[in-house]
>>> print(open('work-v9.txt').read())   # compact mmCIF, C-alpha atoms and all ligand atoms
# COMPACT_ATOMS: atom_id res chain seq x y z
CA MET A 13 -2.98 15.93 14.59
CA ARG A 14 -3.34 12.52 12.93
CA SER A 15 -3.43 13.98 9.45
CA SER A 16 -0.23 16.00 9.85
CA GLN A 17 1.53 12.88 11.15
CA GLU A 18 0.15 11.06 8.12
CA GLU A 19 1.36 13.78 5.75
CA PHE A 20 4.77 13.38 7.33
CA GLU A 21 4.71 9.60 6.84
CA ASN A 22 3.63 10.09 3.23
CA ALA A 23 6.51 12.50 2.72
CA VAL A 24 8.96 9.95 4.21
CA ASN A 25 7.70 7.44 1.62
CA ARG A 26 7.81 9.94 -1.23
CA VAL A 27 11.48 10.67 -0.63
CA LYS A 28 12.23 7.09 -1.70
CA LEU A 29 10.48 7.74 -5.03
CA LEU A 30 12.48 10.78 -6.05
CA LYS A 31 13.81 10.23 -9.53
CA LYS A 32 16.71 12.69 -9.16
CA ASP A 33 19.32 12.53 -6.40
CA PRO A 34 18.70 15.82 -4.51
CA GLY A 35 22.37 16.18 -3.57
CA ASN A 36 24.20 15.93 -0.25
CA GLU A 37 23.17 19.29 1.13
CA VAL A 38 19.46 18.58 0.74
CA LYS A 39 19.90 15.01 1.98
CA LEU A 40 21.54 16.32 5.16
CA LYS A 41 18.69 18.78 5.62
CA LEU A 42 16.16 15.97 5.18
CA TYR A 43 18.05 13.82 7.65
CA ALA A 44 18.21 16.59 10.25
CA LEU A 45 14.52 17.50 9.92
CA TYR A 46 13.53 13.84 10.10
CA LYS A 47 15.54 13.28 13.30
CA GLN A 48 14.24 16.49 14.86
CA ALA A 49 10.64 15.58 13.90
CA THR A 50 10.86 12.07 15.31
CA GLU A 51 13.33 12.38 18.23
CA GLY A 52 13.49 16.09 19.06
CA PRO A 53 16.74 18.06 19.61
CA CYS A 54 20.03 16.31 18.87
CA ASN A 55 20.76 13.88 21.69
CA MET A 56 23.76 11.98 20.28
CA PRO A 57 27.35 12.37 21.37
CA LYS A 58 29.34 14.36 18.82
CA PRO A 59 31.16 11.94 16.44
CA GLY A 60 34.93 12.05 16.14
CA VAL A 61 36.50 14.51 13.74
CA PHE A 62 37.48 11.76 11.25
CA ASP A 63 34.01 10.25 11.16
CA PHE A 64 33.12 12.65 8.34
CA ILE A 65 29.69 11.35 7.37
CA ASN A 66 28.29 10.99 10.87
CA LYS A 67 29.80 14.32 11.86
CA ALA A 68 28.10 16.08 8.94
CA LYS A 69 24.80 14.46 9.96
CA TRP A 70 25.30 15.39 13.60
CA ASP A 71 26.15 19.01 12.65
CA ALA A 72 23.01 19.28 10.51
CA TRP A 73 20.77 17.90 13.26
CA ASN A 74 22.44 19.86 16.03
CA ALA A 75 22.04 23.08 14.01
CA LEU A 76 18.27 22.78 14.39
CA GLY A 77 18.70 23.52 18.11
CA SER A 78 15.40 23.36 19.99
CA MET A 79 13.13 23.57 16.94
CA PRO A 80 9.79 21.97 17.99
CA LYS A 81 9.00 18.54 16.52
CA GLU A 82 5.91 19.87 14.76
CA THR A 83 7.83 22.64 13.01
CA ALA A 84 10.43 20.13 11.87
CA ARG A 85 7.72 17.80 10.62
CA GLN A 86 6.09 20.62 8.61
CA SER A 87 9.44 21.76 7.18
CA TYR A 88 10.20 18.18 6.17
CA VAL A 89 6.83 17.86 4.38
CA ASP A 90 7.36 21.23 2.61
CA LEU A 91 10.88 20.32 1.52
CA VAL A 92 9.76 16.93 0.13
CA SER A 93 6.84 18.58 -1.72
CA SER A 94 9.18 21.02 -3.41
CA LEU A 95 11.53 18.17 -4.38
CA SER A 96 8.70 15.90 -5.61
CA SER A 97 7.17 18.52 -7.85
CA SER A 98 10.48 19.33 -9.51
CA SER A 99 11.44 15.65 -9.80
CA MET A 100 8.09 14.61 -11.30
CA SER A 101 7.46 17.49 -13.64
CA SER A 102 9.35 15.84 -16.48
CA SER A 103 7.33 12.59 -16.37
CA GLN A 104 3.95 14.07 -15.65
CA VAL A 105 2.29 14.77 -18.92
CA LYS A 106 0.76 12.66 -21.58
CA PRO A 107 -1.18 14.48 -24.24
CA GLY A 108 -4.89 13.75 -24.49
CA ALA A 109 -7.68 15.48 -22.61
CA ASP A 110 -9.02 12.65 -20.52
CA ARG A 111 -5.93 10.51 -20.24
CA LYS A 112 -3.71 12.69 -18.09
CA GLN A 113 -1.62 10.57 -15.77
CA GLN A 114 1.63 10.54 -13.94
CA GLU A 115 3.93 7.68 -14.86
CA TYR A 116 4.66 4.93 -12.40
CA GLU A 117 7.18 2.12 -12.46
CA ASN A 118 4.80 -0.65 -11.38
CA LEU A 119 1.34 0.71 -12.19
CA VAL A 120 -0.52 1.82 -15.26
CA VAL A 121 -2.98 4.54 -14.29
CA THR A 122 -5.51 5.81 -16.81
CA SER A 123 -8.59 7.99 -16.54
CA GLU A 124 -11.45 7.78 -18.97
CA ASP A 125 -15.25 8.04 -18.95
CA GLY A 126 -15.29 9.15 -15.31
CA ILE A 127 -13.30 6.10 -14.17
CA THR A 128 -9.72 6.12 -12.93
CA LYS A 129 -8.16 2.69 -13.39
CA ILE A 130 -5.14 1.72 -11.30
CA MET A 131 -3.64 -1.41 -12.82
CA LEU A 132 -0.92 -3.38 -11.00
CA ASN A 133 1.71 -3.93 -13.64
CA ARG A 134 4.33 -6.54 -12.72
CA PRO A 135 2.76 -9.45 -14.61
CA THR A 136 5.97 -11.50 -14.70
CA LYS A 137 5.96 -11.47 -10.87
CA LYS A 138 2.22 -12.12 -10.72
CA ASN A 139 1.86 -8.45 -9.68
CA ALA A 140 3.55 -9.03 -6.30
CA ILE A 141 3.57 -5.76 -4.36
CA ASN A 142 7.10 -4.56 -3.64
CA THR A 143 8.03 -1.51 -1.57
CA GLN A 144 7.93 0.78 -4.55
CA MET A 145 4.54 -0.49 -5.67
CA TYR A 146 3.10 0.09 -2.17
CA GLN A 147 4.31 3.68 -2.37
CA GLU A 148 3.00 4.13 -5.89
CA ILE A 149 -0.45 2.82 -4.94
CA ILE A 150 -0.53 5.28 -2.02
CA LEU A 151 0.27 8.11 -4.44
CA ALA A 152 -2.15 6.90 -7.13
CA LEU A 153 -4.99 6.67 -4.60
CA LYS A 154 -4.18 10.15 -3.35
CA ALA A 155 -4.27 11.49 -6.92
CA ALA A 156 -7.49 9.59 -7.73
CA SER A 157 -9.16 10.93 -4.59
CA LYS A 158 -8.63 14.44 -5.96
CA ASP A 159 -9.23 13.96 -9.70
CA ASN A 160 -12.60 14.44 -11.33
CA SER A 161 -13.38 10.76 -11.81
CA VAL A 162 -16.52 9.27 -10.29
CA LEU A 163 -15.20 5.77 -9.64
CA THR A 164 -11.76 4.32 -9.01
CA VAL A 165 -10.87 0.79 -10.04
CA LEU A 166 -8.04 -1.43 -8.88
CA THR A 167 -7.10 -4.34 -11.15
CA GLY A 168 -4.16 -6.45 -12.31
CA ASN A 169 -2.33 -6.90 -15.60
CA GLY A 170 -1.80 -10.45 -16.86
CA ASP A 171 -3.11 -13.76 -15.53
CA TYR A 172 -2.97 -12.80 -11.83
CA TYR A 173 -4.76 -10.08 -9.95
CA CYS A 174 -1.94 -9.99 -7.40
CA SER A 175 0.25 -12.49 -5.53
CA GLY A 176 0.44 -10.33 -2.38
CA ASN A 177 3.44 -8.90 -0.63
CA ASP A 178 6.68 -9.35 -2.57
CA LEU A 179 8.50 -12.03 -0.60
CA THR A 180 11.85 -10.99 -2.03
CA ASP A 181 11.57 -7.99 0.33
CA PHE A 182 13.31 -10.35 2.72
CA SER A 183 16.31 -11.07 0.53
CA GLY A 184 19.76 -9.66 1.08
CA ILE A 185 19.04 -8.25 4.54
CA THR A 186 21.68 -8.64 7.21
CA ALA A 187 20.74 -9.54 10.80
CA GLY A 188 21.68 -6.02 11.89
CA GLU A 189 19.31 -4.40 9.40
CA ILE A 190 16.22 -6.50 9.83
CA GLU A 191 14.55 -4.66 12.74
CA GLU A 192 14.78 -1.28 11.06
CA LYS A 193 13.66 -2.64 7.70
CA VAL A 194 10.63 -4.32 9.28
CA LYS A 195 9.74 -1.12 11.13
CA ASN A 196 10.00 1.01 7.98
CA ASN A 197 7.95 -1.46 5.97
CA LEU A 198 5.25 -1.62 8.61
CA ASP A 199 5.06 2.19 8.80
CA MET A 200 4.52 2.11 5.06
CA LEU A 201 1.97 -0.72 5.30
CA ARG A 202 -0.04 1.29 7.85
CA VAL A 203 -0.11 4.33 5.56
CA PHE A 204 -1.02 2.06 2.63
CA VAL A 205 -4.00 0.56 4.44
CA ASN A 206 -5.07 3.98 5.78
CA SER A 207 -5.22 5.24 2.22
CA PHE A 208 -7.93 2.62 1.52
CA ILE A 209 -9.78 3.51 4.74
CA ASP A 210 -9.69 7.19 3.78
CA PHE A 211 -10.54 6.82 0.11
CA PRO A 212 -13.48 9.18 -0.45
CA LYS A 213 -15.13 7.77 -3.61
CA PRO A 214 -16.41 4.31 -4.54
CA LEU A 215 -13.38 2.04 -4.91
CA ILE A 216 -13.95 -1.07 -6.97
CA ALA A 217 -11.71 -4.13 -7.27
CA VAL A 218 -11.83 -5.85 -10.64
CA VAL A 219 -10.25 -9.18 -9.73
CA ASN A 220 -9.07 -10.58 -13.05
CA GLY A 221 -7.31 -13.69 -11.65
CA PRO A 222 -5.93 -15.25 -8.46
CA ALA A 223 -5.42 -12.98 -5.45
CA VAL A 224 -3.10 -13.74 -2.52
CA GLY A 225 -2.38 -12.22 0.90
CA ILE A 226 -2.77 -8.47 1.22
CA ALA A 227 -4.45 -8.33 -2.21
CA VAL A 228 -7.29 -10.35 -0.65
CA THR A 229 -7.50 -8.69 2.76
CA ILE A 230 -7.73 -5.19 1.31
CA LEU A 231 -10.87 -6.26 -0.60
CA GLY A 232 -12.75 -5.87 2.68
CA LEU A 233 -12.10 -2.11 2.40
CA CYS A 234 -13.28 -1.89 -1.23
CA ASP A 235 -16.83 -0.88 -2.06
CA ALA A 236 -17.51 -3.52 -4.69
CA VAL A 237 -15.52 -6.57 -5.78
CA TYR A 238 -16.12 -8.03 -9.26
CA ALA A 239 -14.32 -11.29 -9.94
CA SER A 240 -13.60 -13.49 -12.92
CA ASP A 241 -14.63 -17.12 -12.30
CA ARG A 242 -10.89 -17.90 -12.72
CA ALA A 243 -10.02 -15.86 -9.62
CA THR A 244 -9.14 -17.50 -6.32
CA PHE A 245 -8.74 -15.93 -2.88
CA HIS A 246 -5.93 -17.15 -0.66
CA THR A 247 -4.54 -15.75 2.60
CA PRO A 248 -1.71 -18.13 3.56
CA PHE A 249 -0.63 -16.12 6.62
CA SER A 250 -0.10 -19.14 8.88
CA HIS A 251 1.99 -20.91 6.20
CA LEU A 252 4.22 -17.84 6.30
CA GLY A 253 4.29 -17.44 10.10
CA LEU A 254 2.40 -14.17 9.65
CA SER A 255 -0.87 -12.70 10.90
CA PRO A 256 -3.76 -10.90 9.17
CA GLU A 257 -3.45 -7.33 7.92
CA GLY A 258 -5.44 -4.88 5.78
CA CYS A 259 -8.03 -4.64 8.62
CA SER A 260 -9.17 -8.17 7.72
CA SER A 261 -9.13 -9.24 11.39
CA TYR A 262 -12.11 -6.88 11.70
CA THR A 263 -13.70 -6.73 8.22
CA PHE A 264 -13.66 -10.48 7.43
CA PRO A 265 -15.54 -11.65 10.56
CA LYS A 266 -18.02 -8.84 9.90
CA ILE A 267 -18.47 -9.83 6.26
CA MET A 268 -18.62 -13.62 6.62
CA GLY A 269 -18.84 -14.42 10.34
CA PRO A 270 -15.91 -15.40 12.60
CA ALA A 271 -15.78 -19.12 11.76
CA LYS A 272 -15.56 -18.57 7.99
CA ALA A 273 -13.08 -15.73 8.53
CA ILE A 274 -10.86 -17.98 10.64
CA GLU A 275 -11.01 -20.70 7.99
CA MET A 276 -9.48 -18.21 5.54
CA LEU A 277 -7.21 -16.05 7.71
CA VAL A 278 -5.93 -18.67 10.17
CA PHE A 279 -6.20 -21.99 8.30
CA GLY A 280 -5.41 -20.52 4.88
CA LYS A 281 -8.36 -22.08 3.01
CA LYS A 282 -8.20 -20.95 -0.62
CA LEU A 283 -11.63 -19.95 -1.97
CA THR A 284 -12.96 -20.04 -5.50
CA ALA A 285 -14.65 -16.88 -6.76
CA GLU A 286 -18.07 -18.48 -6.25
CA GLU A 287 -17.20 -19.40 -2.65
CA ALA A 288 -15.91 -15.90 -1.97
CA CYS A 289 -19.13 -14.50 -3.42
CA ALA A 290 -21.25 -16.80 -1.24
CA ARG A 291 -19.31 -15.44 1.79
CA GLY A 292 -19.97 -11.83 0.80
CA LEU A 293 -16.33 -10.93 0.06
CA VAL A 294 -17.05 -10.77 -3.68
CA THR A 295 -20.00 -8.79 -5.04
CA GLU A 296 -20.50 -10.69 -8.30
CA VAL A 297 -18.70 -13.32 -10.39
CA PHE A 298 -18.51 -13.23 -14.21
CA PRO A 299 -17.38 -15.88 -16.71
CA ASP A 300 -13.75 -15.26 -17.57
CA ASN A 301 -14.35 -15.05 -21.33
CA THR A 302 -16.77 -12.11 -20.96
CA PHE A 303 -15.39 -10.70 -17.70
CA GLN A 304 -13.75 -7.51 -18.98
CA LYS A 305 -16.61 -6.66 -21.33
CA GLN A 306 -19.36 -7.17 -18.77
CA VAL A 307 -17.58 -5.49 -15.88
CA TRP A 308 -16.54 -2.40 -17.80
CA ALA A 309 -20.04 -1.98 -19.25
CA ARG A 310 -21.38 -2.13 -15.68
CA LEU A 311 -18.81 0.36 -14.39
CA LYS A 312 -19.43 2.74 -17.25
CA ALA A 313 -23.14 2.77 -16.41
CA TYR A 314 -22.36 3.42 -12.71
CA SER A 315 -19.95 6.22 -13.59
CA GLU A 316 -22.85 8.14 -15.11
CA PHE A 317 -24.57 8.53 -11.74
CA PRO A 318 -24.29 12.00 -10.16
CA ALA A 319 -20.72 12.13 -8.83
CA ASN A 320 -21.41 14.02 -5.59
CA SER A 321 -24.32 11.85 -4.68
CA ILE A 322 -22.43 8.58 -4.94
CA ARG A 323 -19.35 9.97 -3.19
CA ILE A 324 -21.39 11.28 -0.29
CA SER A 325 -23.42 8.07 -0.03
CA LYS A 326 -20.23 6.02 0.12
CA GLN A 327 -18.92 8.25 2.88
CA VAL A 328 -22.14 8.00 4.90
CA ILE A 329 -21.83 4.22 4.78
CA ARG A 330 -18.10 4.00 5.49
CA ASN A 331 -17.10 7.01 7.63
CA MET A 332 -18.75 5.80 10.79
CA GLU A 333 -16.15 3.04 11.07
CA LYS A 334 -13.03 5.03 10.23
CA GLU A 335 -11.68 5.46 13.77
CA LYS A 336 -12.21 1.78 14.49
CA LEU A 337 -10.42 0.84 11.26
CA TYR A 338 -7.41 3.08 12.01
CA ALA A 339 -7.11 1.36 15.38
CA VAL A 340 -7.43 -2.13 13.87
CA ASN A 341 -4.81 -1.25 11.25
CA ALA A 342 -2.38 0.00 13.91
CA GLU A 343 -2.91 -3.09 16.06
CA GLU A 344 -2.44 -5.49 13.12
CA CYS A 345 0.83 -3.75 12.17
CA SER A 346 2.05 -3.96 15.73
CA VAL A 347 1.35 -7.73 15.86
CA LEU A 348 3.03 -8.15 12.45
CA GLN A 349 6.16 -6.47 13.80
CA GLU A 350 6.70 -9.40 16.15
CA ARG A 351 5.64 -11.96 13.49
CA LEU A 352 8.01 -10.65 10.81
CA LEU A 353 10.94 -11.05 13.19
CA SER A 354 9.92 -14.57 14.23
CA ASN A 355 11.79 -17.68 13.13
CA GLU A 356 8.52 -19.05 11.72
CA CYS A 357 8.29 -16.17 9.28
CA ILE A 358 11.97 -15.92 8.45
CA ASN A 359 12.11 -19.68 7.69
CA ALA A 360 9.04 -19.41 5.42
CA ALA A 361 10.60 -16.48 3.54
CA VAL A 362 13.88 -18.38 3.19
CA ASN A 363 11.95 -21.39 1.87
CA PHE A 364 10.21 -19.22 -0.73
CA LEU A 365 13.46 -17.59 -1.72
CA SER A 366 15.21 -20.92 -2.10
CA ARG A 367 12.19 -22.16 -4.10
CA LYS A 368 11.68 -25.10 -1.75
CA ALA A 369 8.16 -24.04 -0.90
CA LYS A 370 5.30 -23.25 -3.27
CA LEU A 371 2.01 -22.53 -1.50
C1 LIG B 401 12.30 -7.75 6.25
C2 LIG B 401 11.40 -7.08 5.30
C3 LIG B 401 9.98 -7.32 5.62
C4 LIG B 401 9.09 -6.62 4.67
C5 LIG B 401 7.67 -7.03 4.78
C6 LIG B 401 6.81 -5.93 5.21
C7 LIG B 401 5.44 -5.93 4.62
C8 LIG B 401 4.48 -6.57 5.52
C9 LIG B 401 3.40 -7.30 4.81
C10 LIG B 401 3.24 -8.61 5.45
C11 LIG B 401 1.89 -9.16 5.24
C12 LIG B 401 1.88 -10.17 4.17
C13 LIG B 401 1.03 -10.07 3.20
C14 LIG B 401 0.96 -11.04 2.12
O1 LIG B 401 0.63 -10.66 1.04
S1 LIG B 401 1.31 -12.70 2.43
C15 LIG B 401 1.24 -13.46 0.85
C16 LIG B 401 2.55 -13.40 0.13
N1 LIG B 401 2.45 -14.09 -1.15
C17 LIG B 401 2.68 -15.39 -1.31
O2 LIG B 401 2.92 -16.10 -0.38
C18 LIG B 401 2.65 -15.93 -2.73
C19 LIG B 401 3.99 -16.48 -3.12
N2 LIG B 401 3.95 -16.95 -4.50
C20 LIG B 401 3.53 -18.17 -4.84
O3 LIG B 401 3.14 -18.96 -4.03
C21 LIG B 401 3.52 -18.49 -6.32
O4 LIG B 401 4.48 -17.69 -6.94
C22 LIG B 401 2.14 -18.25 -6.96
C23 LIG B 401 1.14 -19.29 -6.43
C24 LIG B 401 1.62 -16.84 -6.69
C25 LIG B 401 2.24 -18.42 -8.50
O5 LIG B 401 2.82 -19.67 -8.80
P1 LIG B 401 3.19 -20.05 -10.32
O6 LIG B 401 3.85 -21.38 -10.27
O7 LIG B 401 2.02 -19.87 -11.19
O8 LIG B 401 4.23 -18.92 -10.76
P2 LIG B 401 5.72 -18.68 -10.21
O9 LIG B 401 5.83 -19.13 -8.81
O10 LIG B 401 6.67 -19.25 -11.20
O11 LIG B 401 5.78 -17.08 -10.24
C26 LIG B 401 6.25 -16.33 -11.33
C27 LIG B 401 7.27 -15.36 -10.83
O12 LIG B 401 6.64 -14.47 -9.90
C28 LIG B 401 7.34 -14.47 -8.66
N3 LIG B 401 6.42 -14.26 -7.54
C29 LIG B 401 5.16 -14.68 -7.43
N4 LIG B 401 4.64 -14.28 -6.28
C30 LIG B 401 5.58 -13.58 -5.65
C31 LIG B 401 5.64 -12.90 -4.40
N5 LIG B 401 4.58 -12.83 -3.57
N6 LIG B 401 6.77 -12.29 -4.06
C32 LIG B 401 7.84 -12.29 -4.88
N7 LIG B 401 7.86 -12.92 -6.09
C33 LIG B 401 6.74 -13.55 -6.47
C34 LIG B 401 7.94 -15.86 -8.61
O13 LIG B 401 9.02 -15.90 -7.69
C35 LIG B 401 8.37 -16.05 -10.04
O14 LIG B 401 9.54 -15.28 -10.23
P3 LIG B 401 10.75 -15.82 -11.14
O15 LIG B 401 10.18 -15.96 -12.50
O16 LIG B 401 11.79 -14.76 -11.02
O17 LIG B 401 11.15 -17.13 -10.53
>>> encode(input="work-v9.txt", output="structure tokens", more="lines below")
Ligand SMILES: CCCCCCCCCCC/C=C/C(=O)SCCNC(=O)CCNC(=O)[C@H](O)C(C)(C)COP(=O)(O)OP(=O)(O)OC[C@H]1O[C@@H](n2cnc3c(N)ncnc32)[C@H](O)[C@@H]1OP(=O)(O)O
Amino acid sequence: MRSSQEEFENAVNRVKLLKKDPGNEVKLKLYALYKQATEGPCNMPKPGVFDFINKAKWDAWNALGSMPKETARQSYVDLVSSLSSSSMSSSQVKPGADRKQQEYENLVVTSEDGITKIMLNRPTKKNAINTQMYQEIILALKAASKDNSVLTVLTGNGDYYCSGNDLTDFSGITAGEIEEKVKNNLDMLRVFVNSFIDFPKPLIAVVNGPAVGIAVTILGLCDAVYASDRATFHTPFSHLGLSPEGCSSYTFPKIMGPAKAIEMLVFGKKLTAEEACARGLVTEVFPDNTFQKQVWARLKAYSEFPANSIRISKQVIRNMEKEKLYAVNAEECSVLQERLLSNECINAAVNFLSRKAKL
């Protein structure tokens, strides 16, 4: 039940990534199936005859009659799959046996020597994660979970690992739109975090520089965290009127004890790599000038272990907690819903946007 709902949520996100406009007829079909899947049979009053757009939408939804929600959800997923495969086929291939990868706007994904590397690639924005990058990471993790690599690595391009959620997500939104935008973003955030919880192989973060916000919290769901001694770890949620996400309200107290977790997640203490290592969030710290060389030599050695053995061992260690983590993720997103609509958060976002505040 949960997985078909998740497939549906993934499909809703994938629609936003379509490179080609599928045309009005398909868009109406998608709209109708989405409404039927989420609300059931059409329950809106019929729009007036001159309200062309809403009437076309109403007609499409109403035409689905009493189709069950589950059937609509499945049809929606099938329709999006057919659209995604035709829309992506042109950008899929890159010649070279081991370097197959789909192209992404904000990621560089490569596969070599049994290691799939997912590199955040918005260096001029310190690799801030915008809506599209969230969706691309979800897709890249899905692809990596099925490819024949042994390990998957998450890292950043440039001087930062990642500056967290893109705060310009808040720009240009009218008061009337904010609730829906927040809801959509939190649905996506929940799917994003679930894709870390569900990831079936060892997932390793190679933290090449400072990490902020969700880029830090998600480390608690990674299986090893290697950091340059230049990296820092900062979760300024209270400065932003926010609350913890990425399951950190559960993983951080477990990793470092509640008092140290609160120091980071509530009081926003920024840690050096050595401090984060002493707290158990980071596995090992390397000098920046030899970081890449040492880490990749280590990963290459690990990738030569028997693939099934290390995948299964990871799952034995992690799977026991999955249900708990899904619940924590859902609860954190629900608390964030209220936070994101609070004046405390909106003022902090406005401050960032007007460049009055630097954390
Ligand atoms: C209504 C819609 C709601 C949608 C939200 C739903 C999603 C829910 C998720 C909520 C949970 C939150 C998770 C988090 O990650 S909280 C943490 C957010 N991140 C930050 O607070 C960091 C903000 N950035 C900074 O403080 C500094 O930029 C930084 C210290 C990272 C670097 O400072 P430095 O002086 O070295 O560099 P610049 O500031 O000049 O940065 C260079 C350019 O990069 C842009 N930048 C950096 N970080 C971000 C960011 N997080 N979001 C957007 N843009 C970012 C910066 O603006 C500069 O851009 P320009 O060159 O264009 O000015």
>>> residues_near_ligand(input="work-v9.txt", ligand="ligand LIG 401 (chain B)", cutoff="6 Å", atoms="all atoms listed in the file", output="ChimeraX atom specification")
/A:136-138,140,175-182,190,193-194,197-198,224-226,249,370-371
>>> closest_residue(input="work-v9.txt", among="A:Lys326, A:Asn331, A:Glu316, A:Tyr338", to="Phe204 (chain A)", atoms="all atoms listed in the file")
A:Tyr338
>>> atom_distance(input="work-v9.txt", atom1="CA of Leu30 (chain A)", atom2="CA of Leu365 (chain A)")
28.7 Å
>>> atom_distance(input="work-v9.txt", atom1="CA of Pro80 (chain A)", atom2="CA of Asn196 (chain A)")
23.2 Å
>>> closest_atom_pairs(input="work-v9.txt", of="region 72-174 of chain A", to="region 286-308 of chain A", cutoff="12 Å", atoms="only C-alpha atoms", output="Markdown table")
| residue | atom | partner | partner_atom | distance |
| --- | --- | --- | --- | --- |
| A:Glu124 | CA | A:Trp308 | CA | 11.4 |
| A:Asp125 | CA | A:Trp308 | CA | 10.6 |
| A:Gly126 | CA | A:Trp308 | CA | 11.9 |
| A:Ile127 | CA | A:Trp308 | CA | 9.8 |
| A:Thr128 | CA | A:Trp308 | CA | 12.0 |
| A:Lys129 | CA | A:Trp308 | CA | 10.8 |
| A:Leu163 | CA | A:Trp308 | CA | 11.6 |
| A:Val165 | CA | A:Trp308 | CA | 10.1 |
| A:Thr167 | CA | A:Gln304 | CA | 10.8 |
| A:Gly168 | CA | A:Gln304 | CA | 11.7 |
| A:Asn169 | CA | A:Gln304 | CA | 11.9 |
| A:Asp171 | CA | A:Asp300 | CA | 10.9 |
>>> closest_residue(input="work-v9.txt", among="A:Phe264, A:Ser366, A:Ala44, A:Pro53", to="Ala68 (chain A)", atoms="only C-alpha atoms")
A:Ala44
>>> atom_distance(input="work-v9.txt", atom1="CA of Thr50 (chain A)", atom2="CA of Gly77 (chain A)")
14.2 Å
>>> residues_around(input="work-v9.txt", residues="Ala339 (chain A)", least_positions_apart="5", cutoff="12 Å", atoms="all atoms listed in the file", output="PyMOL selection string")
chain A and resi 202+205-206+209+258-259+261-262+333-334+344-346
>>> residues_around(input="work-v9.txt", residues="region 147-157 of chain A", least_positions_apart="6", cutoff="9 Å", atoms="all atoms listed in the file", output="PyMOL selection string")
chain A and resi 22+25-26+28-29+114+116-119+121+128-130+132+163-164+200+203-205+207-208+211-213
>>> residues_near_point(input="work-v9.txt", point="(12.2, 10.2, 13.2)", cutoff="12 Å", atoms="all atoms listed in the file", output="number ranges by chain")
A: 17, 20-21, 24, 42-54, 73, 81-82, 84-85, 88, 192, 195-196, 199
>>> closest_residue(input="work-v9.txt", among="A:Ile358, A:Leu215, A:Leu201, A:Val92", to="Ser315 (chain A)", atoms="only C-alpha atoms")
A:Leu215
